[in-house]
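Novice: One file is attached below, protein17.txt, containing compact mmCIF, C-alpha atoms.
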# COMPACT_ATOMS: atom_id res chain seq x y z
CA MET A 1 25.34 8.28 -0.08
CA LYS A 2 26.50 6.06 -2.94
CA ILE A 3 25.37 3.26 -5.24
CA VAL A 4 28.19 0.71 -5.01
CA GLY A 5 27.03 -2.03 -7.35
CA VAL A 6 24.27 -4.38 -8.47
CA HIS A 7 23.13 -6.86 -5.84
CA HIS A 8 20.87 -8.86 -8.15
CA VAL A 9 18.76 -8.80 -11.30
CA GLN A 10 15.26 -10.27 -11.36
CA LEU A 11 13.62 -11.82 -14.40
CA CYS A 12 10.11 -13.24 -14.53
CA ILE A 13 8.49 -16.37 -15.87
CA PRO A 14 4.81 -17.31 -16.27
CA ALA A 15 3.14 -19.39 -13.57
CA ASN A 16 3.57 -23.17 -13.79
CA GLN A 17 6.86 -22.98 -15.73
CA GLU A 18 9.30 -23.28 -12.83
CA LYS A 19 10.48 -26.77 -13.85
CA GLU A 20 11.37 -25.50 -17.33
CA ALA A 21 13.14 -22.47 -15.85
CA GLN A 22 15.05 -24.61 -13.39
CA LYS A 23 16.17 -26.92 -16.20
CA PHE A 24 17.31 -23.98 -18.33
CA TYR A 25 19.19 -22.10 -15.60
CA CYS A 26 20.59 -25.14 -13.73
CA GLU A 27 21.27 -27.58 -16.55
CA ILE A 28 21.83 -25.42 -19.62
CA LEU A 29 23.41 -22.33 -18.05
CA GLN A 30 24.91 -24.42 -15.21
CA LEU A 31 24.06 -21.88 -12.50
CA GLN A 32 24.03 -22.90 -8.84
CA GLU A 33 20.58 -22.54 -7.28
CA ILE A 34 20.54 -20.86 -3.86
CA GLU A 35 17.78 -20.96 -1.27
CA LYS A 36 15.27 -18.12 -1.11
CA PRO A 37 14.43 -16.61 2.28
CA ASP A 38 11.34 -18.16 3.91
CA SER A 39 9.54 -14.80 3.65
CA LEU A 40 9.66 -14.99 -0.17
CA LYS A 41 9.18 -18.72 -0.86
CA LYS A 42 5.39 -18.32 -1.05
CA ASN A 43 5.87 -16.19 -4.19
CA GLY A 44 7.38 -19.08 -6.15
CA GLY A 45 10.39 -18.72 -8.40
CA MET A 46 14.03 -19.43 -7.63
CA TRP A 47 17.36 -17.74 -7.05
CA PHE A 48 20.78 -18.48 -8.54
CA GLN A 49 24.33 -17.44 -7.72
CA LEU A 50 25.81 -15.45 -10.59
CA GLY A 51 29.43 -14.69 -9.71
CA SER A 52 29.31 -12.31 -6.76
CA GLN A 53 25.77 -11.25 -7.71
CA GLU A 54 22.48 -13.11 -7.84
CA LEU A 55 19.87 -13.84 -10.50
CA HIS A 56 16.31 -14.01 -9.17
CA ILE A 57 13.57 -15.68 -11.21
CA GLY A 58 10.07 -14.56 -10.20
CA VAL A 59 6.64 -15.83 -11.16
CA GLU A 60 4.00 -13.39 -12.37
CA ASN A 61 1.36 -12.75 -15.01
CA LEU A 62 3.45 -11.37 -17.86
CA SER A 63 0.50 -10.13 -19.88
CA GLY A 64 -0.11 -7.12 -17.62
CA PRO A 65 1.92 -4.02 -16.79
CA LYS A 66 5.55 -4.17 -15.68
CA GLY A 67 5.94 -5.86 -12.34
CA LYS A 68 8.71 -7.73 -10.56
CA GLN A 69 11.55 -7.33 -13.07
CA HIS A 70 14.19 -5.01 -11.64
CA PRO A 71 17.82 -4.33 -10.84
CA ALA A 72 18.69 -4.07 -7.16
CA PHE A 73 21.20 -1.34 -6.43
CA LEU A 74 23.57 -2.19 -3.61
CA VAL A 75 23.83 1.08 -1.68
CA GLN A 76 25.49 2.67 1.31
CA GLU A 77 23.43 4.75 3.76
CA ILE A 78 20.03 3.46 2.64
CA ASP A 79 18.18 5.77 5.03
CA LEU A 80 19.75 8.79 3.33
CA TRP A 81 18.63 7.39 -0.03
CA ARG A 82 15.08 6.87 1.27
CA ASN A 83 14.91 10.42 2.62
CA HIS A 84 16.42 11.89 -0.54
CA LEU A 85 13.91 10.10 -2.77
CA ILE A 86 10.97 11.11 -0.58
CA GLU A 87 12.18 14.72 -0.73
CA GLN A 88 12.12 14.43 -4.53
CA GLY A 89 8.46 13.36 -4.43
CA ILE A 90 9.14 9.71 -5.20
CA ASN A 91 6.91 7.09 -3.60
CA ILE A 92 8.73 4.42 -1.59
CA GLN A 93 7.43 0.84 -1.85
CA LYS A 94 8.00 -1.29 1.25
CA GLU A 95 9.34 -4.75 0.42
CA ALA A 96 9.08 -8.12 2.19
CA ALA A 97 11.89 -8.59 4.69
CA ILE A 98 15.03 -10.47 3.67
CA PRO A 99 17.20 -11.49 6.64
CA GLY A 100 20.40 -9.47 6.82
CA PHE A 101 19.24 -6.63 4.54
CA ASN A 102 17.30 -3.37 4.56
CA ARG A 103 15.54 -2.68 1.28
CA PHE A 104 12.83 -0.77 -0.53
CA SER A 105 11.86 -0.11 -4.12
CA ILE A 106 10.63 2.76 -6.27
CA ARG A 107 9.27 3.18 -9.80
CA ASP A 108 11.18 5.37 -12.23
CA PRO A 109 9.27 7.77 -14.52
CA PHE A 110 8.84 4.93 -17.01
CA ASP A 111 7.30 2.53 -14.44
CA ASN A 112 10.46 0.43 -14.13
CA ARG A 113 10.99 -0.99 -10.64
CA LEU A 114 14.29 -0.10 -8.96
CA GLU A 115 15.27 -1.76 -5.67
CA PHE A 116 17.70 -0.24 -3.18
CA ILE A 117 19.32 -2.75 -0.82
CA GLU A 118 21.93 -2.54 1.94
CA PRO A 119 23.38 -5.25 4.17
CA ILE A 120 22.62 -4.75 7.86
What would the structure in this file look like if it were written as structure tokens?
Specialist:
Amino acid sequence: MKIVGVHHVQLCIPANQEKEAQKFYCEILQLQEIEKPDSLKKNGGMWFQLGSQELHIGVENLSGPKGKQHPAFLVQEIDLWRNHLIEQGINIQKEAAIPGFNRFSIRDPFDNRLEFIEPI
């Protein structure tokens, strides 16, 4: 059972600002946009390749409590992690499927979202 790296980081933008975000990340930062899985396209936003990791830009109401922003820990033996966290009294949040990966998220004691992800 081991965290082996960061798979991606997600940042959020307000609704209706995707064109501005795409201009900033594609044109100014010169990042390569990559296609989101069909299961997540309905949520809006965009993904970018960032070296061997990814940067995910999500759309949400930023005036409320913390939401989609999170690191995604690339792990080995994700089922052991899930069981360990449940044994510690931590609630597991099921996530939308991404082809080729098993994943779930939790909230830390400060309400930060932490995703655990493992390639299938």
Novice: Find, counting only C-alpha atoms, the residue in A:Glu60, A:Glu77, A:Glu54, A:Glu87 that gets nearest to Val6 (chain A).
Specialist: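 For Val6 (chain A), the nearest of the given residues is A:Glu54.
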Novice: Of the candidates A:Gly67, A:Gly45, A:Pro109, A:Gly5, which one gets nearest to Glu20 (chain A) if we count all atoms listed in the file?
Specialist: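 Closest to Glu20 (chain A) of all the choices is A:Gly45.
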Novice: Could you jot down the CA of Gly58 (chain A) to CA of Ala72 (chain A) separation for me, Å, one decimal place?
Specialist: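 Those two atoms sit 13.9 Å apart.
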Novice: Could you state the separation of CA of Trp47 (chain A) and CA of Ala21 (chain A) in Å, given to one decimal place?
Specialist: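 Going from CA of Trp47 (chain A) over to CA of Ala21 (chain A) covers 10.8 Å.
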Novice: Looking at A:Ile3, A:Ile34, A:Leu40, A:Ile86, which one is nearest to Ile98 (chain A), with distances taken over all atoms listed in the file?
Specialist: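 Checking each of A:Ile3, A:Ile34, A:Leu40, A:Ile86 against Ile98 (chain A), counting all atoms listed in the file, the winner is A:Leu40.
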